[in-house]
Structures are given as C-alpha cells and as structure tokens.
Amino acid sequence: MTLILTPPKGRVTAATIRNAVTSSVLPIIRTSHHHGRLRPFSHTSASHADFTHAVIGGGVVGLAIAQQLARRSSSPSTLLLERHSAVGTETSSRNSEVIHAGIYYGAGTLKTELCIRGKNLLYELCEKHAVPHKRVGKWIVAQNQAQREALQRIHDFCVNEINVPVRWVSREEAQRREPAVRAEAGILESPTTGIVDSHSLMVCLQGRFEEAGGTVALASAVTAIRPVGDANANGKEGWELTVRDTTTGESSTITTSTIINSAGLGAVDIHNMIVPSSQHKQMFYAKGNYFSYPSSSPKVSTLIYPAPEPGAGGLGTHLTLDLAGRIKFGPDVEWVDSPDDLAVNSARLPEAIEAVKKYLPDLDDTQLQPDYAGIRPKLGKAGAVAQGKGFVDFVIRKEEGYEGWVNLLNIESPGLTSSLAIAEKVEGLLYG
C-alpha cells in the first residue's frame with residue numbers, strides 16, 4: 001500500500017496557514033518523517049514503533065489532538081490518519097460553526113468543563129492566528145411560562161455554578177436591538193457565544209501540526225487494530241494498524257506506541273476493532289437539516305435559540321449567522337440509519353418554518369432553501385444534547401485493561417468549541 005502523506009513543510013507562517021486551501025500530497029511508500037527527516041518503518045517494540053502517536057480521524061478534534069501531541073518536545077513523531085481525501089469533511093464541516101458558551105450540559109459533565117475551557121482557548125487561537133470569527137452573542141428566547149422557567153434555571157446554573165456570563169434582556173432593549181424577534185416571556189443573553197469559520201480553523205490546526213513535524217495520511221482508512229506481541233499484551237508493546245489506501249484498495253501495516261480514537265462517525269467502529277464482541281457498542285445518527293435564508297428581511301444580527309426542551313436531541317431549530325451576516329436555520333433532529341444520509345430532507349421544511357416563526361414571525365417562508373445536512377454521532381438512541389432524560393456525556397478515557405489507547409466517543413456538540421480543551425485532556429491522559 002501507499003500511504004498518501006503530506007510532505008514535510010518546515011516552518012509555516014500564519015499567513016500561509018490562513019491562505020492555504022488544501023495541502024499538496026505525494027505518495028511516500030512505507031516511510032514517515034521525523035521533524036522533517038524521512039526514516040524507514042520499523043516493526044519492533046513500542047519504543048521502536050513507526051510512530052509515537054497515531055491519531056485516527058482528521059476532523060477538528062483529531063486535528064486539535066494531533067497538533068497538541070506533535071508540539072510536545074518529547075514526542076518524536078505523530079501520525080494523523082484520515083479516511084477521506086481531505087481533513088474535516090464529515091461533522092466538522094457540517095455544523096452551525098457556533099462557539100458555544102457551555103451553558104446547557106449540566107454540572108460536573110465533560111461537556112460543560114471542556115466547552116468552557118475550549119471556548120477560551122479557541123478565542124485565543126483565533127485572535128493569535130487571525131482565524132475568522134466573531135463574538136455575536138446569543139439570545140435564548142421564551143414564549144411561555146414553562147420556557148421562562150427553563151431560562152431561569154439556565155441563568156441560575158450559569159451564575160451560581162459555572163461562572164459563565166449571562167444577562168436578562170429587557171423588552172425595551174430587545175425592541176431596539178432585534179425588533180424582528182418575538183420573545184413573549186423573556187430573553188436570556190449569552191454574550192460569550194460566537195461563530196467561527198470552521199474551515200479556516202482546521203487549516204490553522206493542520207498547519208500547526210505540520211509545522212511541528214506531524215504527518216497527515218489522507219485517504220487512509222484503518223481496517224484493523226491489533227496489539228503488538230502476544231494476545232495478552234493489550235498495547236504494552238504498542239499497536240499494529242492495518243491501513244487501506246481508499247484510492248487504490250491496497251493495504252499495509254504501521255506500528256505506533258499509542259492510538260487515539262478520534263474517528264467521529266467512525267469512532268464506534270474503531271472501538272469495536274479492539275475490544276471483545278461482548279463490549280461492542282452501537283452508534284446512532286442524529287441528522288440535522290439546515291436551511292438558508294437569502295432574504296434581507298427580517299434582518300437579525302444575533303444568534304437566536306428557542307428555550308431548550310428537556311430530553312430533546314438538539315437545541316431546537318435556531319437562527320445562526322455566517323461571518324458575512326447571512327442567516328441560516330437549523331439543525332433539526334432527524335434520526336437516520338446511515339452516516340452517509342446527508343441529503344437535506346426537504347419534507348422537514350414545513351416543520352422548520354413552524355419552529356422558526358415562533359420567534360421570527362415575519363419570516364418569508366418562501367425564501368427558505370435546503371442548504372446542507374450534518375450527522376451527530378451519538379451513543380444513545382434519541383440521546384439529548386442538553387440536560388434531561390437520555391443525556392450522554394463525552395466519553396474521553398484510557399480504556400481499562402489496555403495501554404496506550406485513548407478512546408473518544410459521543411463527540412458531538414459542543415465538540416468544535418471543546419476541541420482544544422479535548423486535546424489538552426488527551427495529552428493529560430497520556431502523560432499526566
């Protein structure tokens with residue numbers, strides 16, 4: 001097999017990172033690079049493995065982890081394996097591009113902890129490397145007393161438990177700032193919520209990874225994982241990965257001291273390659289349909305979210321903005337059987353219109369157009385995003401009974417916001 005690897009690039013300026021669209025690739029047969037130098041593969045113990053780290057999955061979380069590990073002075077080599085021909089083509093490029101504040105996920109959860117930490121790290125990175133972003137703020141709107149009580153619970157949680165800024169918006173202020181928005185029972189504002197150009201963010205992370213000597217292997221699907229040594233080694237001597245070139249169908253093997261399963265929609269498949277069948281898991285797919293709104297009226301400049309419904313699989317069909325100020329609505333929640341079901345379901349448009357008109361009554365529903373769809377990888381059927389029945393937290397852990405394996409499952413929203421904090425956590429799990 002030929003691993004399709006990006007060639008060594010040396011130091012990359014911030015301008016180069018921002019302006020790059022895709023990395024040029026060339027075939028490097030059974031070789032890797034170590035801080036810009038090529039070396040032959042070896043197949044011995046973990047200390048002489050081909051790579052120190054193999055990160056499986058080149059979405060925004062995998063990129064964040066890979067660059068974090070590659071930038072460690074004690075890490076000789078890090079490989080990022082991506083099954084598609086480019087990074088970030090699945091969930092990472094099919095979401096709302098919202099920088100979340102961390103207000104929905106409950107005390108003591110990884111989602112809350114990593115979202116808050118990740119938000120701060122993400123703003124710092126974007127400002128340092130000129131990744132396009134904007135702190136537009138978010139309004140959560142209530143139309144009845146029950147929804148107002150839900151907002152009060154969010155307010156109290158933010159103020160009393162997690163120290164995330166929120167504030168009530170008066171009717172007078174609401175009318176002045178966003179006269180087109182209806183909120184019959186109240187508005188809670190999250191001023192630290194923002195938006196980011198997810199593609200530019202991933203280009204930046206990939207540039208930082210390559211600058212640190214990391215290797216990106218595109219069109220490289222992991223098809224089998226085995227511990228090096230006897231069946232009871234369980235990673236103590238490293239890991240052997242079978243990797244298939246998706247362009248040619250050829251396969252070969254590499255060895256690595258550690259593996260990080262950050263495969264997103266494929267993470268359960270990777271998990272099931274390693275554990276016995278009695279420990280296999282199943283993934284469920286929550287599709288989110290997005291609809292664009294090209295009309296200039298009504299004009300809104302703040303993200304608008306309905307009050308959360310306990311146990312819902314998403315945060316409601318909300319109004320988001322891109323960095324040019326264009327409006328889009330979504331995502332809704334549609335449970336599907338395949339992660340490849342990415343066609344926008346136009347039959348759900350009437351339901352989206354009904355949801356949006358509750359807070360944007362002057363919407364011209366003839367202007368809504370199907371835009372794109374994304375898939376949320378979930379470990380629970382009908383699993384809730386916010387607090388409520390069915391809530392499933394991020395799973396980020398070293399699996400018991402194994403060495404050198406960090407497993408990431410259920411990395412859905414707020415995964416993009418949390419990505420840099422997740423990278424810190426993975427490094428901590430491996431190195432303390």
# chains A, B, ... in the order shown; residues from 1 in each chain; ligands from 1

$ closest_atom_pairs --of "region 196-269 of chain A" --to "region 80-93 of chain A" --cutoff "6 Å" --atoms "only C-alpha atoms" --output "Markdown table"
| residue | atom | partner | partner_atom | distance |
| --- | --- | --- | --- | --- |
| A:Val216 | CA | A:Leu80 | CA | 4.8 |
| A:Ala217 | CA | A:Leu81 | CA | 5.0 |
| A:Leu218 | CA | A:Glu82 | CA | 5.0 |
| A:Ala219 | CA | A:Arg83 | CA | 4.6 |
| A:Ser220 | CA | A:Arg83 | CA | 4.5 |
| A:Ala221 | CA | A:Arg83 | CA | 4.2 |

$ write_last_selection --atoms "N, CA and C atoms" --output "compact mmCIF listing (two decimals), in the first residue's frame"
# COMPACT_ATOMS: atom_id res chain seq x y z
N VAL A 216 0.39 13.89 8.03
CA VAL A 216 -1.01 13.65 7.70
C VAL A 216 -1.10 12.58 6.63
N ALA A 217 -1.85 11.54 6.89
CA ALA A 217 -2.08 10.48 5.91
C ALA A 217 -3.53 10.55 5.47
N LEU A 218 -3.76 11.02 4.26
CA LEU A 218 -5.11 11.14 3.71
C LEU A 218 -5.47 9.88 2.96
N ALA A 219 -6.78 9.70 2.72
CA ALA A 219 -7.29 8.51 2.01
C ALA A 219 -6.77 7.24 2.66
N SER A 220 -6.67 7.25 3.98
CA SER A 220 -6.07 6.15 4.73
C SER A 220 -7.04 5.67 5.80
N ALA A 221 -7.76 4.60 5.48
CA ALA A 221 -8.79 4.08 6.37
C ALA A 221 -8.24 2.95 7.22

$ residues_around --residues "region 101-118 of chain A" --least-positions-apart "6" --cutoff "8 Å" --atoms "only C-alpha atoms" --output "list in words"
Ile154, Phe157, Cys158, Glu161, Ile162, Val164, Ser190, Thr192, Thr193, Val385, Ala386, Gln387, Asp393, Phe394, Pro414, Gly415, Thr417, Ser418, Ser419, Leu420, Ala421 and Ile422 of chain A

$ write_last_selection --atoms "C-alpha atoms" --output "PDB file, in the first residue's frame"
ATOM      1  CA  ILE A 154     -30.030  28.197  32.902  1.00  0.00           C
ATOM      2  CA  PHE A 157     -26.800  27.461  36.784  1.00  0.00           C
ATOM      3  CA  CYS A 158     -24.512  29.857  34.927  1.00  0.00           C
ATOM      4  CA  GLU A 161     -22.304  27.007  39.451  1.00  0.00           C
ATOM      5  CA  ILE A 162     -20.183  27.516  36.337  1.00  0.00           C
ATOM      6  CA  VAL A 164     -20.459  31.767  32.634  1.00  0.00           C
ATOM      7  CA  SER A 190     -25.134  34.659  26.304  1.00  0.00           C
ATOM      8  CA  THR A 192     -19.614  34.965  25.009  1.00  0.00           C
ATOM      9  CA  THR A 193     -21.239  32.864  22.293  1.00  0.00           C
ATOM     10  CA  VAL A 385     -27.957  17.342  23.779  1.00  0.00           C
ATOM     11  CA  ALA A 386     -28.924  19.431  26.775  1.00  0.00           C
ATOM     12  CA  GLN A 387     -29.791  18.313  30.292  1.00  0.00           C
ATOM     13  CA  ASP A 393     -21.706  12.952  28.052  1.00  0.00           C
ATOM     14  CA  PHE A 394     -18.492  12.956  26.045  1.00  0.00           C
ATOM     15  CA  PRO A 414     -20.098  21.108  21.573  1.00  0.00           C
ATOM     16  CA  GLY A 415     -17.175  19.212  20.042  1.00  0.00           C
ATOM     17  CA  THR A 417     -15.906  24.523  20.687  1.00  0.00           C
ATOM     18  CA  SER A 418     -14.293  21.971  23.008  1.00  0.00           C
ATOM     19  CA  SER A 419     -11.660  20.724  20.549  1.00  0.00           C
ATOM     20  CA  LEU A 420      -8.603  22.438  22.030  1.00  0.00           C
ATOM     21  CA  ALA A 421      -9.632  21.516  25.574  1.00  0.00           C
ATOM     22  CA  ILE A 422     -10.203  17.919  24.472  1.00  0.00           C
TER      23      ILE A 422
END

$ residues_around --residues "region 186-189 of chain A" --least-positions-apart "2" --cutoff "7 Å" --atoms "only C-alpha atoms" --output "ChimeraX atom specification"
/A:138-142,148,151,166-169,183-184,191

$ residues_around --residues "region 291-296 of chain A" --least-positions-apart "3" --cutoff "12 Å" --atoms "only C-alpha atoms" --output "MDAnalysis selection string"
chainID A and resid 95:96 288 299:301 317:322 324:332 343:353 356 362:374

$ atom_distance --atom1 "CA of Lys358 (chain A)" --atom2 "CA of Ile195 (chain A)"
23.3 Å

$ atom_distance --atom1 "CA of Pro165 (chain A)" --atom2 "CA of Pro377 (chain A)"
29.0 Å

$ residues_around --residues "region 231-243 of chain A" --least-positions-apart "2" --cutoff "8 Å" --atoms "only C-alpha atoms" --output "ChimeraX atom specification"
/A:45-47,49,220-229,245,251-259,401-405

$ select_by_dssp --residues "region 110-199 of chain A" --states "strand (DSSP E)" --output "list in words"
His133, Lys134, Lys138, Trp139, Ile140, Val141, Ala142, Arg167, Trp168, Gly186, Ile187, Leu188, Glu189, Ser190, Gly194, Ile195 and Val196 of chain A

$ closest_residue --among "A:Gly380, A:Gly266, A:Gly249, A:Pro308" --to "Ser338 (chain A)" --atoms "only C-alpha atoms"
A:Gly266

$ select_by_dssp --residues "region 198-367 of chain A" --states "alpha helix (DSSP H)" --output "ChimeraX atom specification"
/A:198-211,267-274,349-357

$ closest_residue --among "A:Phe209, A:Trp335, A:Tyr123, A:Tyr305" --to "Val196 (chain A)" --atoms "only C-alpha atoms"
A:Tyr123

$ closest_residue --among "A:Lys119, A:Asn144, A:Ile375, A:Glu412" --to "Asp341 (chain A)" --atoms "only C-alpha atoms"
A:Ile375

$ residues_around --residues "Met202 (chain A)" --least-positions-apart "3" --cutoff "8 Å" --atoms "only C-alpha atoms" --output "mmCIF file with all heavy atoms, in the first residue's frame"
data_model
loop_
_atom_site.group_PDB
_atom_site.id
_atom_site.type_symbol
_atom_site.label_atom_id
_atom_site.label_comp_id
_atom_site.auth_asym_id
_atom_site.auth_seq_id
_atom_site.Cartn_x
_atom_site.Cartn_y
_atom_site.Cartn_z
ATOM 1 N N GLY A 59 -10.925 15.142 11.760
ATOM 2 C CA GLY A 59 -11.856 16.244 11.972
ATOM 3 C C GLY A 59 -11.209 17.285 12.867
ATOM 4 O O GLY A 59 -10.025 17.210 13.206
ATOM 5 N N VAL A 60 -11.991 18.272 13.289
ATOM 6 C CA VAL A 60 -11.418 19.358 14.073
ATOM 7 C C VAL A 60 -10.863 18.851 15.402
ATOM 8 O O VAL A 60 -9.815 19.334 15.871
ATOM 9 C CB VAL A 60 -12.462 20.484 14.282
ATOM 10 C CG1 VAL A 60 -13.630 20.023 15.148
ATOM 11 C CG2 VAL A 60 -11.811 21.718 14.884
ATOM 12 N N LEU A 63 -7.570 16.921 14.606
ATOM 13 C CA LEU A 63 -6.522 17.887 14.276
ATOM 14 C C LEU A 63 -6.001 18.588 15.529
ATOM 15 O O LEU A 63 -4.793 18.793 15.687
ATOM 16 C CB LEU A 63 -7.069 18.921 13.292
ATOM 17 C CG LEU A 63 -7.247 18.465 11.849
ATOM 18 C CD1 LEU A 63 -8.162 19.432 11.096
ATOM 19 C CD2 LEU A 63 -5.900 18.369 11.143
ATOM 20 N N VAL A 87 -9.092 16.608 5.130
ATOM 21 C CA VAL A 87 -9.494 16.625 6.541
ATOM 22 C C VAL A 87 -10.835 17.334 6.685
ATOM 23 O O VAL A 87 -11.232 18.144 5.851
ATOM 24 C CB VAL A 87 -8.426 17.312 7.421
ATOM 25 C CG1 VAL A 87 -7.093 16.586 7.328
ATOM 26 C CG2 VAL A 87 -8.267 18.781 7.058
ATOM 27 N N GLY A 88 -11.525 16.999 7.760
ATOM 28 C CA GLY A 88 -12.695 17.768 8.167
ATOM 29 C C GLY A 88 -13.885 17.729 7.237
ATOM 30 O O GLY A 88 -14.629 18.709 7.152
ATOM 31 N N SER A 198 -15.100 27.379 10.374
ATOM 32 C CA SER A 198 -14.555 26.076 10.760
ATOM 33 C C SER A 198 -13.484 25.598 9.789
ATOM 34 O O SER A 198 -12.521 24.936 10.189
ATOM 35 C CB SER A 198 -15.678 25.039 10.875
ATOM 36 O OG SER A 198 -16.350 24.875 9.640
ATOM 37 N N HIS A 199 -13.623 25.921 8.504
ATOM 38 C CA HIS A 199 -12.605 25.502 7.540
ATOM 39 C C HIS A 199 -11.274 26.190 7.832
ATOM 40 O O HIS A 199 -10.217 25.543 7.882
ATOM 41 C CB HIS A 199 -13.044 25.812 6.110
ATOM 42 C CG HIS A 199 -11.987 25.501 5.090
ATOM 43 N ND1 HIS A 199 -11.682 24.210 4.712
ATOM 44 C CD2 HIS A 199 -11.139 26.309 4.405
ATOM 45 C CE1 HIS A 199 -10.702 24.230 3.818
ATOM 46 N NE2 HIS A 199 -10.352 25.500 3.619
ATOM 47 N N LEU A 205 -5.127 24.536 12.338
ATOM 48 C CA LEU A 205 -4.688 23.404 13.163
ATOM 49 C C LEU A 205 -3.793 22.456 12.373
ATOM 50 O O LEU A 205 -2.786 21.962 12.888
ATOM 51 C CB LEU A 205 -5.903 22.658 13.711
ATOM 52 C CG LEU A 205 -6.759 23.419 14.729
ATOM 53 C CD1 LEU A 205 -8.013 22.631 15.062
ATOM 54 C CD2 LEU A 205 -5.972 23.723 15.992
ATOM 55 N N GLN A 206 -4.145 22.198 11.121
ATOM 56 C CA GLN A 206 -3.310 21.340 10.298
ATOM 57 C C GLN A 206 -1.934 21.974 10.067
ATOM 58 O O GLN A 206 -0.913 21.297 10.101
ATOM 59 C CB GLN A 206 -3.983 21.041 8.953
ATOM 60 C CG GLN A 206 -3.163 20.070 8.088
ATOM 61 C CD GLN A 206 -3.877 19.693 6.804
ATOM 62 O OE1 GLN A 206 -5.048 20.025 6.604
ATOM 63 N NE2 GLN A 206 -3.176 19.001 5.927
#
